[in-house]
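Shown next: structure.txt, given as compact mmCIF, C-alpha atoms (C1' of nucleotides).
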# COMPACT_ATOMS: atom_id res chain seq x y z
CA MET A 1 -52.82 -79.40 75.09
CA ARG A 2 -49.82 -77.43 76.25
CA ILE A 3 -48.52 -74.26 74.71
CA GLY A 4 -45.97 -75.93 72.47
CA GLU A 5 -48.53 -78.06 70.72
CA LEU A 6 -50.89 -75.15 70.24
CA SER A 7 -48.00 -73.19 68.87
CA ARG A 8 -47.14 -75.88 66.36
CA ARG A 9 -50.71 -76.52 65.32
CA SER A 10 -51.53 -72.85 64.94
CA GLY A 11 -48.23 -71.67 63.58
CA VAL A 12 -48.18 -68.95 66.22
CA SER A 13 -45.21 -68.53 68.54
CA SER A 14 -45.46 -69.43 72.21
CA ARG A 15 -44.52 -65.89 73.07
CA ALA A 16 -47.47 -64.60 71.10
CA LEU A 17 -49.83 -67.07 72.74
CA ARG A 18 -48.69 -65.95 76.18
CA TYR A 19 -49.20 -62.40 75.07
CA TYR A 20 -52.76 -63.21 74.00
CA GLU A 21 -53.45 -64.64 77.41
CA GLU A 22 -52.02 -61.53 79.02
CA GLN A 23 -54.40 -59.49 76.89
CA ARG A 24 -57.26 -61.74 77.95
CA LEU A 25 -57.84 -63.11 74.49
CA LEU A 26 -57.23 -66.64 75.70
CA ARG A 27 -58.00 -68.05 79.11
CA PRO A 28 -56.22 -71.36 79.43
CA VAL A 29 -56.62 -73.24 82.66
CA ARG A 30 -53.53 -73.99 84.72
CA ARG A 31 -52.15 -77.30 85.76
CA PRO A 32 -50.84 -77.68 89.29
CA SER A 33 -47.41 -77.22 87.79
CA GLY A 34 -48.34 -73.84 86.42
CA TYR A 35 -48.38 -75.11 82.86
CA ARG A 36 -51.12 -73.69 80.65
CA GLU A 37 -53.71 -76.15 79.39
CA PHE A 38 -55.43 -75.12 76.17
CA SER A 39 -58.61 -76.59 74.70
CA GLU A 40 -59.37 -77.50 71.10
CA ASP A 41 -61.61 -74.45 70.89
CA ASP A 42 -58.62 -72.30 71.64
CA LEU A 43 -57.19 -73.33 68.31
CA ASP A 44 -60.15 -71.75 66.57
CA SER A 45 -59.83 -68.73 68.76
CA VAL A 46 -56.22 -68.29 67.81
CA ARG A 47 -57.12 -68.39 64.13
CA ARG A 48 -59.77 -65.75 64.62
CA ILE A 49 -57.37 -63.66 66.65
CA ARG A 50 -54.80 -63.74 63.88
CA LEU A 51 -57.41 -62.89 61.32
CA LEU A 52 -58.63 -59.87 63.21
CA LEU A 53 -55.13 -58.74 64.08
CA ALA A 54 -54.24 -58.94 60.41
CA ALA A 55 -57.28 -56.82 59.74
CA GLY A 56 -55.84 -54.11 61.94
CA LEU A 57 -57.92 -54.60 65.05
CA GLY A 58 -56.25 -54.18 68.42
CA THR A 59 -56.19 -56.79 71.12
CA ALA A 60 -58.58 -54.78 73.27
CA MET A 61 -61.22 -54.75 70.56
CA ILE A 62 -60.69 -58.40 69.77
CA ALA A 63 -61.13 -59.23 73.42
CA GLU A 64 -64.62 -57.78 73.22
CA ILE A 65 -65.47 -59.51 69.98
CA LEU A 66 -64.33 -63.03 70.71
CA PRO A 67 -66.94 -63.84 73.35
CA CYS A 68 -69.63 -63.08 70.75
CA MET A 69 -68.58 -66.06 68.72
CA VAL A 70 -68.51 -68.90 71.18
CA GLU A 71 -71.72 -69.29 73.06
CA GLY A 72 -74.54 -67.94 70.92
CA ASN A 73 -74.38 -64.23 70.34
CA GLU A 74 -76.53 -63.01 73.14
CA GLY A 75 -73.63 -61.20 74.71
CA LEU A 76 -73.31 -58.82 71.80
CA ALA A 77 -76.19 -56.41 71.51
CA ALA A 78 -77.21 -57.45 74.96
CA GLY A 79 -74.29 -56.03 76.85
CA CYS A 80 -72.99 -53.53 74.33
CA PRO A 81 -74.92 -51.30 72.00
CA GLU A 82 -71.78 -49.21 71.64
CA LEU A 83 -69.70 -52.21 70.72
CA LEU A 84 -71.98 -52.53 67.73
CA ASP A 85 -70.92 -49.03 66.68
CA ALA A 86 -67.26 -49.81 67.08
CA LEU A 87 -67.75 -52.97 65.10
CA GLY A 88 -69.43 -51.09 62.32
CA GLY A 89 -66.57 -48.63 62.34
CA GLU A 90 -64.03 -51.40 62.05
CA HIS A 91 -66.03 -53.01 59.30
CA ASP A 92 -66.02 -49.81 57.27
CA ARG A 93 -62.36 -49.23 57.95
CA ILE A 94 -61.56 -52.68 56.68
CA ALA A 95 -63.67 -52.14 53.58
CA ALA A 96 -61.81 -48.91 52.89
CA SER A 97 -58.55 -50.69 53.51
CA ILE A 98 -59.47 -53.34 50.97
CA ALA A 99 -60.18 -50.70 48.38
CA GLU A 100 -56.79 -49.12 49.04
CA LEU A 101 -55.04 -52.44 48.78
CA GLU A 102 -56.73 -53.11 45.49
CA SER A 103 -55.49 -49.82 44.14
CA ALA A 104 -52.00 -50.66 45.27
CA ARG A 105 -52.20 -54.11 43.78
CA THR A 106 -53.38 -52.68 40.48
CA LEU A 107 -50.57 -50.17 40.57
CA LEU A 108 -47.96 -52.85 41.09
CA ALA A 109 -49.54 -55.10 38.49
CA ARG A 110 -49.31 -52.28 35.98
CA ILE A 111 -45.66 -51.73 36.71
CA ILE A 112 -44.88 -55.42 36.48
CA ALA A 113 -46.78 -55.85 33.25
CA THR A 114 -45.13 -52.86 31.64
CA PRO A 115 -43.37 -54.21 28.58
CA VAL A 116 -39.64 -53.86 28.46
CA PRO A 117 -38.77 -51.39 25.73
CA THR A 118 -37.64 -53.37 22.73
CA PRO A 119 -34.39 -51.92 21.50
CA GLY A 120 -34.83 -50.79 17.94
CA MET B 1 -44.55 -24.90 46.81
CA ARG B 2 -43.22 -25.06 50.34
CA ILE B 3 -43.74 -27.87 52.78
CA GLY B 4 -46.76 -26.38 54.49
CA GLU B 5 -48.74 -26.13 51.30
CA LEU B 6 -47.84 -29.63 50.24
CA SER B 7 -48.86 -30.80 53.67
CA ARG B 8 -52.25 -29.11 53.42
CA ARG B 9 -52.91 -30.24 49.89
CA SER B 10 -51.86 -33.82 50.53
CA GLY B 11 -53.20 -34.18 54.02
CA VAL B 12 -49.83 -35.50 55.13
CA SER B 13 -47.98 -33.94 58.05
CA SER B 14 -44.85 -31.88 57.46
CA ARG B 15 -42.97 -34.25 59.68
CA ALA B 16 -43.90 -37.15 57.45
CA LEU B 17 -42.91 -35.24 54.33
CA ARG B 18 -39.49 -34.51 55.79
CA TYR B 19 -39.19 -38.15 56.67
CA TYR B 20 -39.97 -39.10 53.08
CA GLU B 21 -37.20 -36.85 51.90
CA GLU B 22 -34.82 -38.40 54.41
CA GLN B 23 -35.75 -41.79 52.97
CA ARG B 24 -35.15 -40.47 49.46
CA LEU B 25 -38.75 -40.80 48.40
CA LEU B 26 -38.94 -37.12 47.63
CA ARG B 27 -36.16 -34.89 46.39
CA PRO B 28 -37.26 -31.31 46.78
CA VAL B 29 -34.84 -28.59 45.71
CA ARG B 30 -33.66 -26.10 48.27
CA ARG B 31 -34.07 -22.36 48.23
CA PRO B 32 -31.16 -20.20 49.31
CA SER B 33 -32.93 -19.94 52.64
CA GLY B 34 -32.81 -23.68 53.12
CA TYR B 35 -36.55 -23.99 52.58
CA ARG B 36 -37.70 -27.01 50.60
CA GLU B 37 -39.33 -26.33 47.25
CA PHE B 38 -41.70 -29.06 46.04
CA SER B 39 -43.11 -29.47 42.54
CA GLU B 40 -46.63 -30.32 41.49
CA ASP B 41 -45.47 -33.80 40.59
CA ASP B 42 -44.45 -34.30 44.18
CA LEU B 43 -48.11 -34.16 45.12
CA ASP B 44 -48.76 -37.21 42.98
CA SER B 45 -45.72 -38.88 44.43
CA VAL B 46 -46.96 -38.32 47.94
CA ARG B 47 -50.28 -39.92 47.06
CA ARG B 48 -48.54 -42.95 45.63
CA ILE B 49 -46.27 -43.13 48.64
CA ARG B 50 -49.24 -43.17 51.00
CA LEU B 51 -50.94 -45.80 48.91
CA LEU B 52 -47.95 -48.10 48.94
CA LEU B 53 -47.28 -47.48 52.61
CA ALA B 54 -50.87 -48.40 53.35
CA ALA B 55 -50.30 -51.55 51.33
CA GLY B 56 -47.54 -52.52 53.71
CA LEU B 57 -44.52 -51.66 51.60
CA GLY B 58 -41.52 -50.16 53.34
CA THR B 59 -39.93 -46.89 52.37
CA ALA B 60 -36.90 -48.64 50.92
CA MET B 61 -39.02 -50.63 48.47
CA ILE B 62 -41.10 -47.61 47.59
CA ALA B 63 -37.94 -45.70 46.87
CA GLU B 64 -37.13 -48.24 44.18
CA ILE B 65 -40.59 -48.29 42.74
CA LEU B 66 -41.31 -44.60 42.43
CA PRO B 67 -38.75 -43.85 39.71
CA CYS B 68 -40.51 -46.44 37.52
CA MET B 69 -43.55 -44.27 37.34
CA VAL B 70 -42.28 -40.91 36.31
CA GLU B 71 -40.19 -41.00 33.19
CA GLY B 72 -41.29 -43.95 31.10
CA ASN B 73 -40.59 -47.32 32.66
CA GLU B 74 -37.29 -48.10 31.16
CA GLY B 75 -35.60 -48.00 34.53
CA LEU B 76 -37.52 -51.02 35.74
CA ALA B 77 -36.54 -54.21 34.00
CA ALA B 78 -33.55 -52.39 32.63
CA GLY B 79 -31.73 -51.82 35.88
CA CYS B 80 -33.36 -54.41 38.07
CA PRO B 81 -34.50 -57.90 37.15
CA GLU B 82 -34.53 -58.70 40.84
CA LEU B 83 -36.74 -55.74 41.62
CA LEU B 84 -39.29 -57.41 39.40
CA ASP B 85 -39.20 -60.41 41.71
CA ALA B 86 -39.62 -58.29 44.79
CA LEU B 87 -42.48 -56.50 43.13
CA GLY B 88 -44.16 -59.77 42.28
CA GLY B 89 -43.72 -60.85 45.88
CA GLU B 90 -45.31 -57.70 47.17
CA HIS B 91 -48.13 -58.06 44.72
CA ASP B 92 -48.88 -61.56 45.92
CA ARG B 93 -48.58 -60.51 49.51
CA ILE B 94 -51.08 -57.75 48.94
CA ALA B 95 -53.45 -60.12 47.19
CA ALA B 96 -53.24 -62.52 50.12
CA SER B 97 -53.77 -59.62 52.46
CA ILE B 98 -56.90 -58.61 50.59
CA ALA B 99 -58.27 -62.12 50.92
CA GLU B 100 -57.61 -62.04 54.65
CA LEU B 101 -59.27 -58.69 55.03
CA GLU B 102 -62.30 -59.94 53.20
CA SER B 103 -62.57 -62.85 55.58
CA ALA B 104 -62.32 -60.49 58.49
CA ARG B 105 -64.90 -58.17 57.00
CA THR B 106 -67.28 -61.04 56.45
CA LEU B 107 -66.71 -62.20 59.99
CA LEU B 108 -67.55 -58.78 61.41
CA ALA B 109 -70.52 -58.40 59.11
CA ARG B 110 -71.88 -61.69 60.37
CA ILE B 111 -71.53 -60.61 63.97
CA ILE B 112 -73.15 -57.28 63.30
CA ALA B 113 -76.03 -58.80 61.40
CA THR B 114 -76.69 -61.41 64.04
CA PRO B 115 -80.26 -60.84 65.18
CA VAL B 116 -80.76 -59.90 68.78
CA PRO B 117 -82.49 -62.80 70.51
CA THR B 118 -86.12 -61.90 70.86
CA PRO B 119 -87.25 -62.50 74.43
CA GLY B 120 -90.04 -65.02 74.42
C1' DA C 1 -31.76 -90.46 89.24
C1' DT C 2 -30.96 -88.15 85.33
C1' DC C 3 -31.26 -86.15 81.01
C1' DG C 4 -33.28 -83.52 77.37
C1' DA C 5 -37.17 -81.26 75.97
C1' DC C 6 -40.56 -78.37 77.55
C1' DT C 7 -42.50 -74.74 80.33
C1' DC C 8 -42.62 -70.94 83.70
C1' DT C 9 -42.00 -65.65 84.84
C1' DC C 10 -39.68 -61.34 84.23
C1' DG C 11 -38.08 -57.76 81.75
C1' DC C 12 -35.63 -55.30 78.32
C1' DG C 13 -35.09 -54.94 73.02
C1' DT C 14 -37.08 -54.20 68.35
C1' DC C 15 -39.05 -52.10 64.27
C1' DG C 16 -41.10 -48.26 61.29
C1' DA C 17 -43.50 -44.38 60.56
C1' DT C 18 -44.41 -40.79 62.80
C1' DG C 19 -45.33 -37.20 67.14
C1' DT C 20 -43.31 -33.73 69.85
C1' DG C 21 -40.84 -30.21 71.53
C1' DA C 22 -36.60 -26.96 71.52
C1' DA C 23 -33.88 -23.33 69.68
C1' DG C 24 -33.11 -20.51 65.98
C1' DC C 25 -33.75 -18.59 61.00
C1' DT C 26 -36.94 -16.55 57.18
C1' DA C 27 -40.70 -14.25 54.93
C1' DC C 28 -43.97 -10.96 54.52
C1' DA C 29 -47.69 -7.67 56.59
C1' DG C 30 -48.36 -3.49 58.91
C1' DC D 1 -38.80 -2.31 62.73
C1' DT D 2 -41.58 -5.62 64.68
C1' DG D 3 -44.63 -9.11 64.96
C1' DT D 4 -46.05 -13.66 63.76
C1' DA D 5 -46.53 -17.40 60.97
C1' DG D 6 -43.83 -20.68 58.70
C1' DC D 7 -39.55 -22.98 58.06
C1' DT D 8 -35.00 -25.24 59.58
C1' DT D 9 -32.30 -29.15 62.18
C1' DC D 10 -31.73 -32.25 66.06
C1' DA D 11 -33.02 -35.62 68.95
C1' DC D 12 -35.85 -38.11 72.07
C1' DA D 13 -40.72 -40.34 72.65
C1' DT D 14 -44.48 -43.33 71.06
C1' DC D 15 -47.20 -47.46 70.02
C1' DG D 16 -48.33 -52.52 69.48
C1' DA D 17 -47.26 -57.01 68.86
C1' DC D 18 -44.17 -59.44 69.65
C1' DG D 19 -38.49 -61.44 69.96
C1' DC D 20 -35.11 -62.95 72.99
C1' DG D 21 -32.41 -64.46 76.91
C1' DA D 22 -31.87 -65.55 81.82
C1' DG D 23 -32.73 -68.44 85.61
C1' DA D 24 -35.59 -71.91 87.42
C1' DG D 25 -39.10 -75.55 87.70
C1' DT D 26 -41.50 -79.84 85.22
C1' DC D 27 -42.39 -83.86 82.41
C1' DG D 28 -41.50 -88.37 80.42
C1' DA D 29 -38.56 -91.90 79.08
C1' DT D 30 -34.51 -94.60 80.04
Could I get this file's structure written as structure tokens?
Amino acid sequence: MRIGELSRRSGVSSRALRYYEEQRLLRPVRRPSGYREFSEDDLDSVRRIRLLLAAGLGTAMIAEILPCMVEGNEGLAAGCPELLDALGGEHDRIAASIAELESARTLLARIIATPVPTPG
Amino acid sequence: MRIGELSRRSGVSSRALRYYEEQRLLRPVRRPSGYREFSEDDLDSVRRIRLLLAAGLGTAMIAEILPCMVEGNEGLAAGCPELLDALGGEHDRIAASIAELESARTLLARIIATPVPTPG
DNA sequence: ATCGACTCTCGCGTCGATGTGAAGCTACAG
DNA sequence: CTGTAGCTTCACATCGACGCGAGAGTCGAT
């Protein structure tokens, strides 16, 4: 499919998709015209990319992670014992982040639920 | 206390603290010298500010929320029925964000836990 | 052949919470 | 009095994931 369709189906802007290619997160093939041709798998990739981006990972890190999810996972510990460390770090950071968010959510919930002072 | 002490005790840079004042999140009094004088309560405020910032709220929103936490909560629904909406929105956004982060964490955990293929 | 919708590359603009000096004033120790 | 550590304002720099517009080529249907 071309970039417009992927954009519609993923809900991600074309600009962003081109950016992901630039960052080597996606590797669409090119038609003779120069048009990008994306596969169905790329749709899954895009979803994972968004998920990890939302989790605060950078494109560079994501670029290293993505390959570990397509064809078996041999590429992971095989090529990168240090990547495993980084991954663990990210995992912990995310966990901490979740805890923080829960505090914030609780805080807001408390404010919202605070009863309006009844006059009298 | 002066800005340096607040910085040390809160773990937040002086630059950031000045920025918070500029955004009306903090309202330190001024000494004749021009030096800022912060109260003990400001330390709590700073912690809440960081929490809400980490939760993705902007300084403008935080500026509206903070007053609701110091002197009773009468200022909340009293002055701002619409603030309540915004607050609810943020709350939901945070909840959604937590869900996303948990997906991401699970994803990473799965990758990390993936057994290295035993040769043979 | 042509028209509208789509796509291409290139490159500057954006946003928000800071970092980073620069130049000068203040506070306190010796 | 002097040193030095801390404080002041001002203003430009940063970073990452995009937005946006220009100018030009492409696709598919009529």
To one decimal place in Å, what is the distance between atom CA of B:Glu100 and atom CA of B:Tyr20?
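Separation between atom CA of B:Glu100 and atom CA of B:Tyr20: 29.0 Å.
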Separation of atom CA of B:Ser14 from atom CA of B:Arg27, in Å and rounded to one decimal
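According to the coordinates, atom CA of B:Ser14 and atom CA of B:Arg27 are separated by 14.4 Å.
Taking only C-alpha atoms (C1' of nucleotides) into account, chain D lies nearest to A:Ala16 out of the set A:Asp85, A:Ala16, A:Ile94, A:Asp42.
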Within 10 Å of chain B, which residues belong to chain C? Use all atoms listed in the file and report them as a PyMOL selection string.
chain C and resi 16-19+25-27
Could you state the separation of atom CA of A:Ile112 and atom CA of B:Glu64 in Å, given to one decimal place?
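Result for atom CA of A:Ile112 versus atom CA of B:Glu64: 13.1 Å, one decimal.
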